[in-house]
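Coordinates from entry.cif are shown below (mmCIF, C-alpha atoms).
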data_coords
#
loop_
_atom_site.label_atom_id
_atom_site.label_comp_id
_atom_site.auth_asym_id
_atom_site.auth_seq_id
_atom_site.Cartn_x
_atom_site.Cartn_y
_atom_site.Cartn_z
CA MET A 1 17.59 0.54 -28.54
CA THR A 2 15.43 2.10 -25.83
CA HIS A 3 16.55 4.78 -23.43
CA HIS A 4 17.16 3.57 -19.87
CA SER A 5 15.83 5.98 -17.24
CA THR A 6 15.36 6.14 -13.48
CA ARG A 7 11.97 7.40 -12.36
CA PRO A 8 10.28 8.16 -9.03
CA TYR A 9 7.87 5.57 -7.69
CA GLY A 10 4.74 7.58 -8.39
CA ALA A 11 5.71 8.20 -12.00
CA MET A 12 4.81 4.62 -12.91
CA ALA A 13 1.20 4.94 -11.69
CA GLY A 14 -0.29 3.54 -14.91
CA VAL A 15 2.02 0.53 -14.93
CA TYR A 16 1.40 -0.03 -11.21
CA ASP A 17 -2.34 0.07 -11.82
CA ALA A 18 -2.06 -2.49 -14.62
CA GLU A 19 0.09 -4.79 -12.50
CA TYR A 20 -2.25 -4.86 -9.51
CA ARG A 21 -5.64 -4.21 -11.16
CA ASP A 22 -6.74 -7.83 -10.66
CA PHE A 23 -5.35 -8.24 -7.14
CA GLU A 24 -8.27 -8.36 -4.72
CA GLY A 25 -6.83 -10.72 -2.12
CA ASP A 26 -7.10 -8.20 0.71
CA ILE A 27 -10.44 -6.56 -0.11
CA GLY A 28 -12.55 -9.23 1.58
CA PHE A 29 -10.33 -9.03 4.65
CA TRP A 30 -10.89 -5.27 5.02
CA ARG A 31 -14.63 -5.63 4.56
CA GLU A 32 -14.80 -8.41 7.16
CA ARG A 33 -12.75 -6.51 9.75
CA LEU A 34 -14.80 -3.34 9.26
CA TRP A 35 -18.00 -5.34 9.70
CA HIS A 36 -16.61 -7.25 12.70
CA ASN A 37 -15.73 -3.96 14.41
CA GLY A 38 -19.09 -2.39 13.61
CA VAL A 39 -17.53 0.45 11.63
CA VAL A 40 -19.98 2.63 9.74
CA GLY A 41 -17.56 5.35 8.64
CA PRO A 42 -16.00 7.59 7.61
CA LEU A 43 -12.71 5.84 6.85
CA LEU A 44 -9.19 7.13 6.21
CA GLU A 45 -6.77 5.18 4.00
CA LEU A 46 -3.06 5.96 4.24
CA GLY A 47 -1.02 5.54 1.05
CA CYS A 48 -4.06 4.95 -1.15
CA GLY A 49 -2.09 4.89 -4.43
CA THR A 50 -4.44 4.45 -7.38
CA GLY A 51 -7.46 3.62 -5.24
CA ARG A 52 -7.22 -0.15 -5.52
CA VAL A 53 -8.57 -0.58 -1.97
CA THR A 54 -10.37 2.77 -1.63
CA LEU A 55 -12.91 2.25 -4.39
CA PRO A 56 -14.10 -1.26 -3.44
CA LEU A 57 -14.68 -0.05 0.11
CA ALA A 58 -16.72 2.85 -1.25
CA GLU A 59 -18.68 0.32 -3.30
CA ALA A 60 -19.35 -1.52 -0.03
CA GLY A 61 -21.06 1.64 1.23
CA TYR A 62 -18.31 3.40 3.19
CA ARG A 63 -17.40 7.07 2.96
CA ILE A 64 -13.63 7.13 2.65
CA VAL A 65 -10.77 9.58 2.27
CA GLY A 66 -7.63 8.29 0.54
CA ILE A 67 -4.36 10.19 0.96
CA ASP A 68 -1.08 9.80 -0.91
CA VAL A 69 1.98 11.94 -1.63
CA SER A 70 2.14 11.04 -5.33
CA PRO A 71 0.21 13.35 -7.71
CA ALA A 72 0.49 10.75 -10.50
CA MET A 73 -1.01 8.00 -8.35
CA LEU A 74 -3.85 10.30 -7.28
CA ARG A 75 -4.57 11.34 -10.87
CA ARG A 76 -4.94 7.66 -11.73
CA ALA A 77 -7.19 7.13 -8.71
CA ARG A 78 -9.46 9.99 -9.77
CA VAL A 79 -9.75 8.55 -13.29
CA ARG A 80 -10.78 5.22 -11.78
CA ARG A 81 -13.34 7.00 -9.61
CA GLN A 82 -14.95 8.50 -12.72
CA HIS A 83 -15.78 4.98 -13.91
CA ARG A 84 -17.74 4.14 -10.76
CA ALA A 85 -21.45 4.72 -10.24
CA PRO A 86 -22.20 8.33 -9.18
CA GLU A 87 -23.32 7.30 -5.70
CA VAL A 88 -20.05 5.38 -5.19
CA ALA A 89 -17.86 8.21 -6.52
CA ALA A 90 -19.63 10.64 -4.18
CA ARG A 91 -18.43 8.64 -1.16
CA VAL A 92 -14.74 8.96 -2.12
CA ARG A 93 -12.33 11.83 -1.68
CA PHE A 94 -8.65 11.71 -2.67
CA ALA A 95 -6.13 14.21 -1.28
CA LYS A 96 -2.42 14.85 -1.70
CA GLN A 97 -1.29 14.52 1.89
CA ASP A 98 1.70 13.11 3.74
CA MET A 99 0.72 10.37 6.19
CA ARG A 100 3.07 11.88 8.77
CA ASP A 101 1.28 15.23 9.04
CA PHE A 102 -1.97 15.02 7.06
CA GLN A 103 -4.62 17.69 7.56
CA SER A 104 -7.70 15.75 6.40
CA LYS A 105 -10.71 16.55 8.52
CA GLY A 106 -11.79 13.91 10.98
CA PRO A 107 -12.82 12.42 13.15
CA PHE A 108 -12.54 9.05 11.43
CA ALA A 109 -14.26 5.86 12.54
CA ALA A 110 -11.36 3.73 11.28
CA VAL A 111 -7.92 4.15 9.68
CA LEU A 112 -6.16 1.59 7.49
CA ALA A 113 -2.72 1.47 5.91
CA PRO A 114 -2.93 -1.45 3.44
CA PHE A 115 -0.34 -3.29 1.40
CA GLY A 116 2.86 -2.11 3.10
CA ALA A 117 2.19 1.64 3.17
CA TYR A 118 3.41 1.90 6.77
CA SER A 119 6.77 0.37 5.77
CA LEU A 120 7.47 3.32 3.48
CA LEU A 121 8.14 5.34 6.64
CA THR A 122 11.73 4.28 7.15
CA SER A 123 12.45 6.07 10.44
CA ARG A 124 10.86 5.27 13.78
CA ALA A 125 10.30 8.98 14.41
CA ASP A 126 8.23 9.29 11.21
CA ARG A 127 6.18 6.20 12.04
CA VAL A 128 5.34 7.42 15.54
CA LYS A 129 4.51 10.83 14.10
CA CYS A 130 2.11 9.17 11.65
CA LEU A 131 0.43 7.17 14.41
CA ALA A 132 0.13 10.22 16.66
CA ARG A 133 -1.54 12.13 13.82
CA CYS A 134 -3.97 9.25 13.28
CA HIS A 135 -4.75 9.12 17.00
CA ARG A 136 -5.72 12.79 17.01
CA GLN A 137 -8.02 12.32 14.00
CA MET A 138 -9.92 9.23 15.26
CA ILE A 139 -12.95 8.81 17.48
CA PRO A 140 -12.41 6.93 20.78
CA GLY A 141 -12.54 3.18 20.27
CA ALA A 142 -11.93 3.43 16.52
CA PRO A 143 -9.83 0.64 14.97
CA LEU A 144 -6.52 1.16 13.16
CA TRP A 145 -4.96 -1.41 10.83
CA LEU A 146 -1.35 -1.57 9.65
CA ASP A 147 -0.64 -4.18 6.97
CA ILE A 148 3.04 -4.94 6.30
CA ALA A 149 5.02 -7.81 4.82
CA ALA A 150 6.41 -10.21 7.40
CA ALA A 151 10.19 -10.40 7.35
CA ASP A 152 11.57 -13.67 6.00
CA GLU A 153 14.11 -14.81 8.56
CA ASN A 154 15.68 -17.19 6.06
CA VAL A 155 16.66 -14.48 3.58
CA ALA A 156 20.35 -13.65 3.87
CA PRO A 157 21.68 -10.11 3.39
CA GLY A 158 22.44 -9.28 -0.21
CA PRO A 159 20.39 -8.98 -3.39
CA ARG A 160 17.42 -11.22 -4.13
CA HIS A 161 15.75 -11.16 -7.55
CA VAL A 162 12.18 -12.06 -8.54
CA SER A 163 10.79 -11.67 -12.07
CA HIS A 164 7.33 -11.79 -13.58
CA SER A 165 5.42 -10.28 -16.50
CA PHE A 166 2.02 -8.74 -17.21
CA ARG A 167 0.26 -6.85 -20.01
CA LEU A 168 -0.98 -3.28 -20.20
CA PRO A 169 -4.74 -3.57 -20.79
CA TRP A 170 -5.00 -0.39 -22.91
CA SER A 171 -2.29 -1.38 -25.42
CA GLY A 172 -1.64 -5.10 -25.05
CA GLU A 173 2.05 -4.34 -24.52
CA LEU A 174 4.04 -6.82 -22.46
CA VAL A 175 5.87 -5.62 -19.34
CA ARG A 176 8.65 -7.68 -17.83
CA LYS A 177 9.44 -6.67 -14.27
CA THR A 178 12.42 -7.70 -12.16
CA THR A 179 12.40 -6.91 -8.46
CA GLU A 180 15.70 -6.67 -6.64
CA GLN A 181 15.53 -6.60 -2.85
CA VAL A 182 18.62 -5.91 -0.78
CA ILE A 183 18.29 -6.53 2.96
CA LEU A 184 20.28 -4.07 5.09
CA PRO A 185 20.02 -5.53 8.60
CA ASP A 186 22.37 -2.97 10.15
CA GLN A 187 20.06 -0.21 8.94
CA GLY A 188 16.83 -1.99 9.88
CA GLY A 189 15.54 -1.83 6.35
CA GLY A 190 15.78 -2.89 2.77
CA ARG A 191 16.32 -1.29 -0.62
CA ILE A 192 13.89 -2.15 -3.41
CA ARG A 193 14.68 -1.74 -7.10
CA TYR A 194 12.06 -2.41 -9.78
CA GLU A 195 13.32 -2.76 -13.35
CA TYR A 196 10.62 -2.53 -16.01
CA ARG A 197 11.07 -3.49 -19.67
CA ARG A 198 8.08 -2.71 -21.85
CA PHE A 199 7.69 -4.53 -25.17
CA ASP A 200 5.28 -4.30 -28.07
CA PRO A 201 2.36 -6.81 -27.99
CA SER A 202 4.48 -9.45 -29.76
CA GLY A 203 6.94 -9.34 -26.86
CA GLU A 204 9.86 -8.98 -29.28
CA ARG A 205 10.56 -5.23 -29.62
CA GLU A 206 11.47 -3.29 -26.49
CA VAL A 207 9.85 0.16 -26.42
CA ASP A 208 10.70 1.39 -22.91
CA HIS A 209 13.09 0.53 -20.10
CA PHE A 210 13.10 2.21 -16.72
CA VAL A 211 14.02 1.66 -13.08
CA VAL A 212 12.24 2.66 -9.87
CA GLY A 213 13.98 2.50 -6.50
CA PHE A 214 12.92 3.15 -2.91
CA ASP A 215 13.66 2.11 0.68
CA LEU A 216 11.45 0.14 3.05
CA ALA A 217 11.57 -0.38 6.80
CA LEU A 218 11.82 -4.05 7.82
CA LEU A 219 9.59 -4.21 10.87
CA GLY A 220 8.95 -6.91 13.40
CA GLU A 221 5.88 -7.58 15.51
CA GLU A 222 7.36 -6.30 18.77
CA GLU A 223 8.71 -3.12 17.17
CA VAL A 224 5.36 -2.10 15.68
CA ALA A 225 3.53 -3.05 18.88
CA ASN A 226 5.79 -0.67 20.81
CA GLU A 227 5.19 2.13 18.30
CA LEU A 228 1.43 1.68 18.59
CA GLU A 229 1.60 1.77 22.37
CA GLU A 230 3.76 4.90 22.34
CA ALA A 231 1.17 6.66 20.16
CA GLY A 232 -1.68 5.75 22.53
CA PHE A 233 -3.17 2.72 20.76
CA GLU A 234 -4.13 -0.60 22.34
CA LEU A 235 -3.06 -3.60 20.24
CA ARG A 236 -5.90 -6.10 19.84
CA ASP A 237 -4.65 -8.66 17.36
CA VAL A 238 -2.02 -9.47 14.75
CA PHE A 239 -3.05 -11.46 11.67
CA GLY A 240 -0.68 -13.37 9.42
CA ASN A 241 -2.62 -13.33 6.15
CA TYR A 242 -5.75 -12.02 4.47
CA ARG A 243 -7.74 -15.06 5.65
CA GLY A 244 -7.44 -13.73 9.19
CA ASP A 245 -5.18 -16.47 10.54
CA PRO A 246 -2.91 -15.58 13.49
CA ALA A 247 0.53 -14.20 12.72
CA GLY A 248 3.37 -16.64 13.09
CA ARG A 249 6.31 -18.30 11.46
CA GLY A 250 5.79 -18.86 7.76
CA GLN A 251 2.90 -16.38 7.43
CA PRO A 252 3.40 -13.71 4.72
CA ARG A 253 1.88 -10.68 6.46
CA LEU A 254 1.79 -8.85 9.77
CA ILE A 255 -1.58 -7.08 9.98
CA PHE A 256 -1.93 -5.16 13.23
CA GLU A 257 -5.37 -4.34 14.57
CA ALA A 258 -5.35 -1.71 17.31
CA VAL A 259 -7.88 0.65 18.83
CA ARG A 260 -7.64 4.27 19.85
#

For this file, write the structure as structure tokens.
Amino acid sequence: MTHHSTRPYGAMAGVYDAEYRDFEGDIGFWRERLWHNGVVGPLLELGCGTGRVTLPLAEAGYRIVGIDVSPAMLRRARVRRQHRAPEVAARVRFAKQDMRDFQSKGPFAAVLAPFGAYSLLTSRADRVKCLARCHRQMIPGAPLWLDIAAADENVAPGPRHVSHSFRLPWSGELVRKTTEQVILPDQGGGRIRYEYRRFDPSGEREVDHFVVGFDLALLGEEEVANELEEAGFELRDVFGNYRGDPAGRGQPRLIFEAVR
């Protein structure tokens, strides 16, 4: 019988990397928006994690700084950077910084917060503080993107469970993951709980079992638009998916494009 443990989000960096290593659905979107806005660089990525977005943008020719608060995630990102061509690796810098008060040297020609990073700031004060910090570090006219999950209006308060599985590429072990999401409308947020069960390659013998939990802000279009305006940004557009379609009912994302 395996030991059940609770771990911080960043501690599962390797498992996170394995789970999302083949997800590239948003990479083309970021490249297209950067090109459309005439951005040359340098870029700043908030909540870069293991470099899933950072490194492809460096491969596209951009100089980019990725910041994250998790040392484990950043260690994984730096390992991934080592496997890129030297000229690509030279365009990337990773730094342990908090997106609310980062000290990375600007000015930046664009800032992006992909894949829900902005939602990890659960208080409005922290989100406005993050945006104000970005504003100070950007050149005039530079674009800012915030990519968050659109709230599902049909989901009732209470727990919702989703399960899927994937394999760890370095060992062939099977990981079964169950996501529990609890909507807390009175608190303007949700509580996420990931339960991971790791099995040997046969899928029969469990070798590890751990839980990761964290809170997310559940944000609407008007709320984020107001936060951007308060921080001095002008909202240009809101996209509903990585194809660039307009936001609206039934779309999975809210991707805000604003300019300093």

| message | What would the selection look like, as a ChimeraX atom specification, if the PyMOL selection byres ((chain A and resi 230-236) around 6) were run on the coordinates I just shared? | response | /A:131-132,227-229,237,257-260

| said: Set the distance at 12 Å and use all atoms listed in the file: which residues neighbour Glu32 (chain A) once local chain neighbours fewer than 5 positions away are removed? I'd like the list as a count of residues only. | reply: 10

| request: Counting all atoms listed in the file, select every polymer residue within 12 Å of (-17.7, 7.9, 10.3) as defined in the file's coordinates, and provide the selection as an NGL selection string. | output: :A and (34 or 38-44 or 61-65 or 91 or 105-111 or 137-140 or 142-143)

| request: Quote the spacing between CA of Asp200 (chain A) and CA of Ala18 (chain A) in Å to one decimal place. | output: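 That distance, rounded to one decimal, is 15.4 Å.
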
| query | Nearest to Ala117 (chain A) among A:Val182, A:Val211, A:Met99, A:Val92, with distances taken over only C-alpha atoms: which residue is it? | reply |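 Closest candidate: A:Met99.
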
| Pick from A:Ser104, A:Ser119, A:Gln97, A:Gln82, whichever lies nearest to Leu219 (chain A) using only C-alpha atoms | A:Ser119

| remark: Of A:Glu195, A:Asp147, A:Asp215, A:Glu204, the one sitting nearest Asn241 (chain A) when using only C-alpha atoms is A:Asp147

| field | Pick from A:Ala225, A:Val15, A:Val79, A:Ala247, whichever lies nearest to Arg127 (chain A) using all atoms listed in the file | value |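 Distance minimum relative to Arg127 (chain A) lands on A:Ala225.
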
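Here CA of Leu144 (chain A) and CA of Arg253 (chain A) stand 16.0 Å from one another.
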
| region 162-172 of chain A surroundings by all atoms listed in the file, 7 Å radius, close-in-sequence under 4 positions cut, as a list in words |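 My reading of the contact set: Ala18, Glu19, Arg176, Lys177, Thr178, Thr179, Glu180 and Pro201 of chain A.
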
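In terms of minimum interatomic distance to Gly49 (chain A), A:Ala77 ranks closest within A:Phe29, A:Ile148, A:His36, A:Ala77, counting all atoms listed in the file.
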
| task | Have a look at CA of Ile183 (chain A) and CA of Pro71 (chain A) and let me know their distance in Å, one decimal. | result |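 According to the coordinates, CA of Ile183 (chain A) and CA of Pro71 (chain A) are separated by 28.9 Å.
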
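Among the candidate residues A:Arg205, A:Arg124, A:Arg81, A:Arg133, the one lying nearest to Gly189 (chain A) is A:Arg124, with distances computed using only C-alpha atoms.
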
| message | Which residues would end up in the selection if the PyMOL selection byres ((chain A and resi 192) around 6) were applied here, given that I need the answer as a PyMOL selection string? | response | chain A and resi 180-181+191+193+213-215
